[in-house]
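So this block is my_file.pdb, PDB, C-alpha atoms:
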```pdb
ATOM      1  CA  MET A   1      22.674  -1.608  10.452
ATOM      2  CA  ALA A   2      19.707   0.584   9.638
ATOM      3  CA  SER A   3      16.351  -0.877  10.570
ATOM      4  CA  THR A   4      13.218  -0.851   8.496
ATOM      5  CA  TYR A   5       9.669  -1.461   9.602
ATOM      6  CA  THR A   6      10.272  -2.152  13.270
ATOM      7  CA  PRO A   7       6.863  -2.915  14.780
ATOM      8  CA  ILE A   8       5.863  -0.440  17.476
ATOM      9  CA  ALA A   9       2.308  -1.502  18.278
ATOM     10  CA  THR A  10      -0.557  -3.391  16.755
ATOM     11  CA  TYR A  11      -4.292  -3.451  17.435
ATOM     12  CA  THR A  12      -7.125  -5.621  16.249
ATOM     13  CA  ALA A  13     -10.525  -3.978  16.568
ATOM     14  CA  ASN A  14     -13.182  -5.759  18.616
ATOM     15  CA  GLY A  15     -16.171  -4.093  16.981
ATOM     16  CA  SER A  16     -16.823  -1.471  19.649
ATOM     17  CA  GLN A  17     -13.872   0.903  19.285
ATOM     18  CA  THR A  18     -14.496   4.215  17.565
ATOM     19  CA  SER A  19     -10.882   5.305  17.879
ATOM     20  CA  ILE A  20      -7.461   3.727  17.778
ATOM     21  CA  THR A  21      -4.617   5.759  19.260
ATOM     22  CA  PHE A  22      -0.903   5.095  19.143
ATOM     23  CA  ASN A  23       1.428   6.665  21.707
ATOM     24  CA  SER A  24       5.009   6.061  22.788
ATOM     25  CA  PHE A  25       6.831   5.811  19.501
ATOM     26  CA  SER A  26       9.957   7.836  20.132
ATOM     27  CA  GLY A  27      13.343   6.969  18.705
ATOM     28  CA  TYR A  28      12.535   6.515  15.030
ATOM     29  CA  THR A  29      12.964   8.673  11.962
ATOM     30  CA  ASP A  30       9.752   7.883  10.086
ATOM     31  CA  LEU A  31       6.527   6.076  10.839
ATOM     32  CA  VAL A  32       4.439   3.775   8.661
ATOM     33  CA  LEU A  33       0.852   2.942   9.558
ATOM     34  CA  ILE A  34      -0.772  -0.068   7.902
ATOM     35  CA  SER A  35      -4.423  -0.966   8.287
ATOM     36  CA  ALA A  36      -6.705  -3.536   6.698
ATOM     37  CA  GLY A  37     -10.399  -3.842   7.426
ATOM     38  CA  ASN A  38     -13.644  -1.940   7.548
ATOM     39  CA  SER A  39     -16.163   0.199   9.347
ATOM     40  CA  ALA A  40     -19.673   1.297   8.456
ATOM     41  CA  ALA A  41     -18.350   4.786   7.771
ATOM     42  CA  ILE A  42     -17.158   5.764   4.323
ATOM     43  CA  THR A  43     -14.033   7.651   5.362
ATOM     44  CA  ALA A  44     -11.559   7.697   8.203
ATOM     45  CA  ILE A  45      -9.466  10.464   9.716
ATOM     46  CA  ILE A  46      -6.059  10.897  11.298
ATOM     47  CA  ARG A  47      -5.189  13.431  13.991
ATOM     48  CA  PHE A  48      -1.915  14.176  15.697
ATOM     49  CA  ASN A  49      -1.293  15.027  19.344
ATOM     50  CA  GLY A  50      -5.038  15.308  19.979
ATOM     51  CA  ASP A  51      -5.268  18.449  17.854
ATOM     52  CA  THR A  52      -8.887  18.969  16.764
ATOM     53  CA  GLY A  53      -8.275  22.466  15.390
ATOM     54  CA  THR A  54      -8.518  23.310  11.705
ATOM     55  CA  ASN A  55      -4.814  22.799  11.246
ATOM     56  CA  TYR A  56      -4.852  20.091   8.600
ATOM     57  CA  SER A  57      -4.981  20.021   4.810
ATOM     58  CA  ARG A  58      -4.632  17.487   2.040
ATOM     59  CA  THR A  59      -4.370  16.921  -1.711
ATOM     60  CA  ILE A  60      -5.219  13.627  -3.365
ATOM     61  CA  ILE A  61      -5.466  12.006  -6.779
ATOM     62  CA  ARG A  62      -8.108   9.330  -6.976
ATOM     63  CA  GLY A  63      -9.921   6.956  -9.281
ATOM     64  CA  ASN A  64     -12.987   4.774  -8.839
ATOM     65  CA  GLY A  65     -12.982   2.839 -12.066
ATOM     66  CA  SER A  66     -15.143   5.437 -13.811
ATOM     67  CA  THR A  67     -13.801   8.847 -12.875
ATOM     68  CA  ALA A  68     -10.310  10.124 -12.104
ATOM     69  CA  ASP A  69      -9.917  13.431 -10.337
ATOM     70  CA  SER A  70      -7.994  15.371  -7.753
ATOM     71  CA  VAL A  71      -9.249  16.918  -4.528
ATOM     72  CA  ARG A  72      -7.765  19.689  -2.434
ATOM     73  CA  GLN A  73      -8.937  20.618   1.091
ATOM     74  CA  SER A  74      -7.577  23.301   3.429
ATOM     75  CA  ASN A  75      -8.225  24.179   7.064
ATOM     76  CA  GLN A  76      -9.660  20.840   8.030
ATOM     77  CA  ASP A  77      -9.916  19.460  11.568
ATOM     78  CA  ALA A  78      -8.194  16.192  10.537
ATOM     79  CA  ILE A  79      -6.495  14.482   7.596
ATOM     80  CA  THR A  80      -9.123  12.462   5.773
ATOM     81  CA  LEU A  81      -8.432   9.042   4.336
ATOM     82  CA  ASP A  82     -10.861   8.430   1.536
ATOM     83  CA  GLY A  83     -12.191   4.980   1.039
ATOM     84  CA  SER A  84     -15.291   2.978   1.270
ATOM     85  CA  TYR A  85     -14.789   1.267   4.503
ATOM     86  CA  SER A  86     -18.293  -0.134   4.431
ATOM     87  CA  GLN A  87     -17.271  -2.331   1.521
ATOM     88  CA  PRO A  88     -14.923  -5.252   2.043
ATOM     89  CA  GLY A  89     -11.258  -5.200   1.249
ATOM     90  CA  GLN A  90     -10.284  -1.709   2.374
ATOM     91  CA  ASN A  91      -6.663  -1.050   3.277
ATOM     92  CA  PHE A  92      -4.540   2.007   3.703
ATOM     93  CA  ILE A  93      -0.842   2.797   4.082
ATOM     94  CA  VAL A  94       0.304   6.074   5.636
ATOM     95  CA  HIS A  95       3.917   7.247   5.716
ATOM     96  CA  ILE A  96       4.784   9.989   8.196
ATOM     97  CA  MET A  97       8.260  11.255   7.496
ATOM     98  CA  ASN A  98      10.535  13.003   9.968
ATOM     99  CA  TYR A  99       7.764  12.996  12.564
ATOM    100  CA  SER A 100       9.871  13.804  15.622
ATOM    101  CA  ASN A 101      11.502  17.046  14.572
ATOM    102  CA  SER A 102      10.404  20.302  16.187
ATOM    103  CA  THR A 103      11.220  22.524  13.242
ATOM    104  CA  THR A 104       8.904  21.695  10.370
ATOM    105  CA  TYR A 105       5.216  21.113   9.779
ATOM    106  CA  LYS A 106       4.426  17.407   9.488
ATOM    107  CA  THR A 107       3.461  15.698   6.236
ATOM    108  CA  THR A 108       1.976  12.356   5.377
ATOM    109  CA  LEU A 109       2.108  10.309   2.180
ATOM    110  CA  GLN A 110      -0.913   8.068   2.083
ATOM    111  CA  ARG A 111      -2.548   5.403  -0.004
ATOM    112  CA  SER A 112      -6.136   4.259   0.353
ATOM    113  CA  ASN A 113      -7.285   1.196  -1.526
ATOM    114  CA  ASN A 114     -10.654  -0.422  -2.066
ATOM    115  CA  ALA A 115     -10.898  -2.692  -5.089
ATOM    116  CA  SER A 116     -14.638  -2.123  -5.387
ATOM    117  CA  ALA A 117     -15.070   1.532  -4.502
ATOM    118  CA  GLY A 118     -11.903   3.440  -5.333
ATOM    119  CA  LEU A 119      -8.296   4.206  -4.612
ATOM    120  CA  ASP A 120      -6.263   7.306  -4.016
ATOM    121  CA  GLN A 121      -2.829   8.609  -3.248
ATOM    122  CA  GLY A 122      -2.393  11.801  -1.356
ATOM    123  CA  VAL A 123      -0.417  14.127   0.832
ATOM    124  CA  GLY A 124      -1.554  15.437   4.187
ATOM    125  CA  LEU A 125      -0.221  18.360   6.189
ATOM    126  CA  TRP A 126      -0.450  19.131   9.887
ATOM    127  CA  ARG A 127       0.472  22.760  10.419
ATOM    128  CA  ASN A 128       2.358  22.314  13.633
ATOM    129  CA  THR A 129       6.096  22.123  14.250
ATOM    130  CA  ALA A 130       5.736  20.014  17.386
ATOM    131  CA  ALA A 131       7.053  16.484  17.374
ATOM    132  CA  ILE A 132       4.270  13.971  16.844
ATOM    133  CA  THR A 133       3.710  12.069  20.069
ATOM    134  CA  SER A 134       0.294  10.546  19.436
ATOM    135  CA  LEU A 135      -1.577   9.396  16.375
ATOM    136  CA  GLU A 136      -5.318   8.801  16.392
ATOM    137  CA  MET A 137      -7.326   7.051  13.719
ATOM    138  CA  ARG A 138     -11.079   6.928  13.688
ATOM    139  CA  PRO A 139     -13.889   6.368  11.206
ATOM    140  CA  ALA A 140     -15.893   9.462  10.364
ATOM    141  CA  GLY A 141     -18.574  10.113  12.970
ATOM    142  CA  ALA A 142     -19.004   7.742  15.876
ATOM    143  CA  THR A 143     -19.019   4.575  13.787
ATOM    144  CA  PRO A 144     -16.843   1.820  15.242
ATOM    145  CA  TRP A 145     -14.208  -0.157  13.416
ATOM    146  CA  THR A 146     -15.456  -3.539  12.256
ATOM    147  CA  SER A 147     -14.260  -6.415  14.421
ATOM    148  CA  GLY A 148     -11.065  -7.877  12.988
ATOM    149  CA  THR A 149      -9.809  -4.648  11.411
ATOM    150  CA  THR A 150      -6.061  -4.483  11.996
ATOM    151  CA  PHE A 151      -3.757  -1.542  12.632
ATOM    152  CA  THR A 152       0.019  -1.746  12.890
ATOM    153  CA  LEU A 153       2.441   1.116  13.416
ATOM    154  CA  TYR A 154       6.020   0.584  12.264
ATOM    155  CA  GLY A 155       9.050   2.726  12.893
ATOM    156  CA  ILE A 156      11.944   3.296  10.516
ATOM    157  CA  LYS A 157      15.334   4.457  11.715
ATOM    158  CA  ALA A 158      17.695   6.335   9.479
ATOM    159  CA  ALA A 159      20.681   4.755  11.181
TER     160      ALA A 159
ATOM    161  CA  MET B   1      17.817  -7.362  16.216
ATOM    162  CA  ALA B   2      15.054  -5.044  15.110
ATOM    163  CA  ASN B   3      12.692  -6.354  12.486
ATOM    164  CA  THR B   4      13.274  -5.534   8.852
ATOM    165  CA  PHE B   5      11.825  -6.697   5.597
ATOM    166  CA  GLU B   6      12.836 -10.366   5.830
ATOM    167  CA  LEU B   7      13.563 -11.989   2.497
ATOM    168  CA  ILE B   8      11.417 -15.083   2.033
ATOM    169  CA  SER B   9      12.436 -15.949  -1.508
ATOM    170  CA  SER B  10      13.690 -14.419  -4.740
ATOM    171  CA  VAL B  11      13.575 -15.232  -8.430
ATOM    172  CA  THR B  12      15.860 -14.022 -11.204
ATOM    173  CA  VAL B  13      14.735 -15.033 -14.673
ATOM    174  CA  GLY B  14      17.439 -16.732 -16.692
ATOM    175  CA  ALA B  15      18.153 -17.067 -20.376
ATOM    176  CA  GLY B  16      15.130 -18.379 -22.218
ATOM    177  CA  GLY B  17      12.687 -16.431 -20.078
ATOM    178  CA  ALA B  18       9.888 -17.644 -17.802
ATOM    179  CA  ALA B  19       6.198 -18.048 -18.473
ATOM    180  CA  SER B  20       5.496 -17.218 -14.840
ATOM    181  CA  ILE B  21       7.196 -16.400 -11.568
ATOM    182  CA  ASP B  22       6.042 -18.491  -8.641
ATOM    183  CA  PHE B  23       6.483 -18.263  -4.900
ATOM    184  CA  THR B  24       5.303 -21.404  -3.161
ATOM    185  CA  SER B  25       5.179 -22.648   0.414
ATOM    186  CA  ILE B  26       4.959 -19.102   1.784
ATOM    187  CA  PRO B  27       5.011 -19.419   5.578
ATOM    188  CA  SER B  28       2.188 -17.890   7.595
ATOM    189  CA  THR B  29       4.528 -16.550  10.254
ATOM    190  CA  TYR B  30       4.627 -12.951   9.038
ATOM    191  CA  THR B  31       2.004 -10.215   9.227
ATOM    192  CA  ASP B  32       2.324  -8.613   5.804
ATOM    193  CA  LEU B  33       3.972  -9.523   2.515
ATOM    194  CA  VAL B  34       5.836  -7.191   0.180
ATOM    195  CA  LEU B  35       6.628  -8.056  -3.434
ATOM    196  CA  GLU B  36       9.276  -6.000  -5.203
ATOM    197  CA  LEU B  37       9.471  -6.655  -8.934
ATOM    198  CA  SER B  38      11.691  -5.553 -11.794
ATOM    199  CA  THR B  39      10.076  -6.917 -14.920
ATOM    200  CA  ARG B  40      10.182  -6.944 -18.691
ATOM    201  CA  ASP B  41       8.272  -9.299 -20.977
ATOM    202  CA  SER B  42       8.450 -10.503 -24.557
ATOM    203  CA  VAL B  43       5.139  -9.017 -25.727
ATOM    204  CA  ALA B  44       5.364  -7.011 -28.971
ATOM    205  CA  ALA B  45       4.294  -3.772 -27.323
ATOM    206  CA  ILE B  46       5.679  -0.904 -25.253
ATOM    207  CA  ALA B  47       4.124  -2.307 -22.094
ATOM    208  CA  SER B  48       1.691  -5.000 -21.126
ATOM    209  CA  ALA B  49      -0.156  -6.101 -18.043
ATOM    210  CA  CYS B  50       1.354  -8.063 -15.199
ATOM    211  CA  SER B  51      -1.139 -10.238 -13.316
ATOM    212  CA  ILE B  52      -1.135 -11.859  -9.898
ATOM    213  CA  ALA B  53      -2.793 -14.988  -8.558
ATOM    214  CA  PHE B  54      -2.921 -16.438  -5.053
ATOM    215  CA  ASN B  55      -2.824 -20.093  -4.036
ATOM    216  CA  GLY B  56      -3.082 -21.196  -7.645
ATOM    217  CA  SER B  57      -6.450 -19.483  -8.013
ATOM    218  CA  THR B  58      -7.419 -16.810 -10.529
ATOM    219  CA  SER B  59     -10.977 -16.631  -9.186
ATOM    220  CA  SER B  60     -12.607 -14.118  -6.816
ATOM    221  CA  PHE B  61     -10.338 -11.193  -7.684
ATOM    222  CA  THR B  62     -11.437  -7.594  -8.171
ATOM    223  CA  GLY B  63      -9.314  -4.560  -8.859
ATOM    224  CA  LEU B  64      -9.300  -0.865  -9.675
ATOM    225  CA  TYR B  65      -6.512   1.137 -11.246
ATOM    226  CA  LEU B  66      -5.531   4.755 -11.707
ATOM    227  CA  GLN B  67      -3.064   5.088 -14.554
ATOM    228  CA  GLY B  68      -1.092   7.885 -16.114
ATOM    229  CA  SER B  69       0.537   7.476 -19.505
ATOM    230  CA  GLY B  70       2.154  10.807 -20.135
ATOM    231  CA  ALA B  71      -0.788  11.729 -22.340
ATOM    232  CA  GLY B  72      -3.630  11.470 -19.841
ATOM    233  CA  VAL B  73      -5.116   9.770 -16.813
ATOM    234  CA  ALA B  74      -7.374   6.747 -16.895
ATOM    235  CA  THR B  75      -9.191   4.758 -14.278
ATOM    236  CA  GLY B  76     -10.887   1.414 -14.644
ATOM    237  CA  SER B  77     -11.461  -1.990 -13.183
ATOM    238  CA  LEU B  78      -9.360  -5.019 -13.996
ATOM    239  CA  ALA B  79      -9.013  -8.042 -11.773
ATOM    240  CA  ARG B  80      -5.527  -9.333 -10.879
ATOM    241  CA  PHE B  81      -3.836  -6.394 -12.605
ATOM    242  CA  ILE B  82      -0.738  -5.150 -10.764
ATOM    243  CA  GLY B  83       0.587  -2.668 -13.272
ATOM    244  CA  ASN B  84       2.549  -3.041 -16.484
ATOM    245  CA  ASN B  85       5.765  -4.737 -17.459
ATOM    246  CA  ASP B  86       8.069  -2.979 -19.860
ATOM    247  CA  SER B  87       7.685  -4.998 -23.067
ATOM    248  CA  ALA B  88       9.714  -5.780 -26.174
ATOM    249  CA  SER B  89       9.162  -2.409 -27.892
ATOM    250  CA  ALA B  90      10.161  -0.318 -24.870
ATOM    251  CA  THR B  91      13.612   1.219 -24.554
ATOM    252  CA  ALA B  92      16.197  -1.540 -24.402
ATOM    253  CA  SER B  93      17.441  -2.797 -21.041
ATOM    254  CA  THR B  94      14.562  -1.054 -19.279
ATOM    255  CA  PHE B  95      12.470  -2.876 -16.691
ATOM    256  CA  ALA B  96       9.312  -1.904 -14.852
ATOM    257  CA  ASN B  97       9.223  -1.408 -11.075
ATOM    258  CA  ILE B  98       6.248  -2.922  -9.296
ATOM    259  CA  SER B  99       5.689  -2.903  -5.540
ATOM    260  CA  VAL B 100       2.831  -4.900  -4.013
ATOM    261  CA  TYR B 101       1.934  -4.636  -0.324
ATOM    262  CA  ILE B 102      -0.337  -7.356   1.072
ATOM    263  CA  PRO B 103      -1.371  -6.618   4.668
ATOM    264  CA  ASN B 104      -2.607  -9.380   6.958
ATOM    265  CA  TYR B 105      -2.054 -12.028   4.282
ATOM    266  CA  ALA B 106      -2.503 -14.937   6.690
ATOM    267  CA  GLY B 107      -5.527 -13.600   8.535
ATOM    268  CA  ALA B 108      -9.029 -15.044   8.274
ATOM    269  CA  THR B 109     -10.338 -12.167   6.170
ATOM    270  CA  ASN B 110     -10.466 -11.369   2.494
ATOM    271  CA  LYS B 111      -7.091 -10.267   1.157
ATOM    272  CA  SER B 112      -6.685  -6.693  -0.047
ATOM    273  CA  PHE B 113      -3.472  -5.359  -1.561
ATOM    274  CA  SER B 114      -1.947  -2.079  -2.666
ATOM    275  CA  VAL B 115       0.162  -1.622  -5.799
ATOM    276  CA  ASP B 116       2.518   1.071  -7.046
ATOM    277  CA  ALA B 117       3.908   0.375 -10.487
ATOM    278  CA  VAL B 118       5.875   2.260 -13.097
ATOM    279  CA  THR B 119       7.319   1.561 -16.503
ATOM    280  CA  GLU B 120       9.744   3.781 -18.314
ATOM    281  CA  ASN B 121      10.353   4.281 -21.996
ATOM    282  CA  ASN B 122      12.414   6.955 -23.693
ATOM    283  CA  ALA B 123       9.592   7.819 -26.051
ATOM    284  CA  THR B 124       6.054   9.151 -25.915
ATOM    285  CA  THR B 125       4.372   6.551 -23.763
ATOM    286  CA  SER B 126       5.111   4.954 -20.435
ATOM    287  CA  TYR B 127       2.883   4.173 -17.496
ATOM    288  CA  THR B 128       2.543   4.902 -13.823
ATOM    289  CA  ASN B 129      -0.079   2.995 -11.859
ATOM    290  CA  LEU B 130      -1.783   3.064  -8.521
ATOM    291  CA  ASN B 131      -3.853  -0.099  -8.095
ATOM    292  CA  ALA B 132      -6.137  -1.537  -5.447
ATOM    293  CA  GLY B 133      -6.752  -5.273  -5.448
ATOM    294  CA  LEU B 134      -8.896  -7.731  -3.533
ATOM    295  CA  TRP B 135      -8.962 -11.504  -3.383
ATOM    296  CA  SER B 136     -12.288 -12.427  -1.837
ATOM    297  CA  ASN B 137     -10.993 -15.510  -0.105
ATOM    298  CA  THR B 138     -10.331 -15.943   3.611
ATOM    299  CA  ALA B 139      -7.585 -18.520   3.168
ATOM    300  CA  ALA B 140      -4.046 -17.618   4.142
ATOM    301  CA  ILE B 141      -1.932 -16.826   1.107
ATOM    302  CA  ASN B 142       0.678 -19.546   0.661
ATOM    303  CA  GLN B 143       1.432 -19.168  -3.049
ATOM    304  CA  ILE B 144       1.860 -16.181  -5.345
ATOM    305  CA  THR B 145       2.038 -16.486  -9.133
ATOM    306  CA  LEU B 146       2.933 -13.641 -11.484
ATOM    307  CA  THR B 147       2.262 -13.826 -15.215
ATOM    308  CA  PRO B 148       2.639 -11.476 -18.180
ATOM    309  CA  ALA B 149      -0.350 -10.854 -20.450
ATOM    310  CA  SER B 150       1.241 -13.195 -22.969
ATOM    311  CA  GLY B 151       4.695 -14.385 -23.841
ATOM    312  CA  THR B 152       7.296 -14.661 -21.118
ATOM    313  CA  PHE B 153       9.179 -12.638 -18.539
ATOM    314  CA  VAL B 154      12.576 -12.011 -20.104
ATOM    315  CA  GLN B 155      16.034 -12.651 -18.702
ATOM    316  CA  TYR B 156      17.106 -10.429 -15.803
ATOM    317  CA  SER B 157      13.570  -9.862 -14.567
ATOM    318  CA  THR B 158      13.603 -10.206 -10.787
ATOM    319  CA  ALA B 159      11.074 -10.742  -8.036
ATOM    320  CA  TYR B 160      11.712 -10.507  -4.310
ATOM    321  CA  LEU B 161       9.192 -11.596  -1.672
ATOM    322  CA  TYR B 162       9.609 -10.118   1.799
ATOM    323  CA  GLY B 163       7.791 -10.741   5.043
ATOM    324  CA  VAL B 164       7.073  -8.050   7.626
ATOM    325  CA  LYS B 165       6.217  -8.937  11.206
ATOM    326  CA  ASN B 166       4.175  -6.816  13.589
ATOM    327  CA  VAL B 167       5.813  -8.345  16.654
TER     328      VAL B 167
END
```
What would you get if you wrote out this structure as structure tokens?
Amino acid sequence: MASTYTPIATYTANGSQTSITFNSFSGYTDLVLISAGNSAAITAIIRFNGDTGTNYSRTIIRGNGSTADSVRQSNQDAITLDGSYSQPGQNFIVHIMNYSNSTTYKTTLQRSNNASAGLDQGVGLWRNTAAITSLEMRPAGATPWTSGTTFTLYGIKAA
Amino acid sequence: MANTFELISSVTVGAGGAASIDFTSIPSTYTDLVLELSTRDSVAAIASACSIAFNGSTSSFTGLYLQGSGAGVATGSLARFIGNNDSASATASTFANISVYIPNYAGATNKSFSVDAVTENNATTSYTNLNAGLWSNTAAINQITLTPASGTFVQYSTAYLYGVKNV
């Protein structure tokens, strides 16, 4: 029987962490990262395999209750998750499909939601064919995650 | 056995319709909740809003939406709004799909949720929604109530509530 959303690891921030990193998630087909909580920073970023080079890009559609638009960024040093983490009620959901293959660049399908500040849906790209073996999430800058912010990584198997 | 979406409860609307769909006595033993809806209502329109409430309360909700209609894109704020039901004037036998993800629903924090919703209609107008919602209440969610803007959910509308565990 195929499995869905098998929990791999979960963290709850203690108020001092500026980075959350997941390792050791082999054996699945896709990954799903769920987070709910805040930081004093406005945005957060995702990096794979510790790559800090300008090997990332993204396209999003977003709305804030007043303005709807689309944003495109190339040659970034991380995939940005828009939000307003400094306001309460932020969550995001990131799907990373086919993360373990060594043939294709890696894509994400992501949602960022804040009922006060804005929401978006987007795609991210990591221009590297290596299998993803680590996933780091951090608020922009050196701002820590607010205590109580939760992060859970789930794995999905195709069979 | 590896964890999956575990079905907590389901509702299928029978003949005569339903003024609301309710999930009560939701256990706090999961990490996240997922609602999967297939809905149509009796409103004399192509589509109309579907609303959510937690623990019998309609207070302390905020929400933003990003909506496409086939003619343009709109964004706005509307509390408790989780997308549109297909309504009485939409193509026959056509039901909206609404997916609501509620992370950390039993934690001691305010409850945010993410919504993806679509209607379909073989005509000029139908809707696709991305919504962000917040219930500014730290209580664990133990009840979910869904209501159409007016009228009733019609027969064959369905709602499935799943729990997802992080351990």
* To do: Place a sphere of radius 9 Å on (-3.3, -5.9, 1.4) in the file coordinates and name every protein, DNA or RNA residue with an atom inside or on its surface, counting all atoms listed in the file; give the answer as number ranges by chain.
  => A: 35-36, 89-92, 113; B: 32-33, 100-105, 111-114, 132-134
* **Contact set, chain A to chain B: 10 Å, all atoms listed in the file, as a PyMOL selection string** => chain A and resi 1-11+34-37+61-69+88-93+111-121+148-156
* Run the PyMOL selection byres ((chain B and resi 25) around 12) mentally over the shown coordinates, then write out the matched residues as a list in words, using the chain letters and numbers from the document. => Ile8, Ser9, Asp22, Phe23, Thr24, Ile26, Pro27, Ser28, Thr29, Phe54, Asn55, Gly56, Ala140, Ile141, Asn142, Gln143, Ile144, Thr145 and Leu161 of chain B
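The coordinates place CA of Gln73 in chain A at 22.8 Å from CA of Ser19 in chain A.
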* Any chance you could resolve the PyMOL selection byres ((chain A and resi 106) around 10) against this file and give the residues as number ranges by chain? => A: 48, 56, 96-105, 107-108, 124-132
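Candidate residues B:Val118, B:Ile98, B:Ala15, B:Val43 were compared for distance to Leu146 in chain B, and the nearest is B:Ile98, using all atoms listed in the file.
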Put the listed atoms of range 47-58 of chain A in a box along x, y and z with 3 Å added on every side and give me the centre and edge lengths in Å to one decimal, as lines of an AutoDock Vina configuration file.
```
center_x = -5.1
center_y = 18.4
center_z = 11.0
size_x = 13.6
size_y = 15.9
size_z = 23.9
```
* Given the file shown, enumerate the residues that the PyMOL selection byres ((chain B and resi 37) around 7) captures and present them as a PyMOL selection string. => chain B and resi 35-36+38-39+97-99+158-160
* Structure fact -> One decimal place gives the CA of Ala117 in chain B-CA of Cys50 in chain B separation as 10.0 Å
* Structure fact -> Atom pair CA of Thr146 in chain A + CA of Gln110 in chain A, distance 21.2 Å
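Each of B:Leu7, B:Ala96, B:Ala49, B:Val154 was checked against Tyr30 in chain B using only C-alpha atoms; the smallest atom-to-atom distance is that of B:Leu7.
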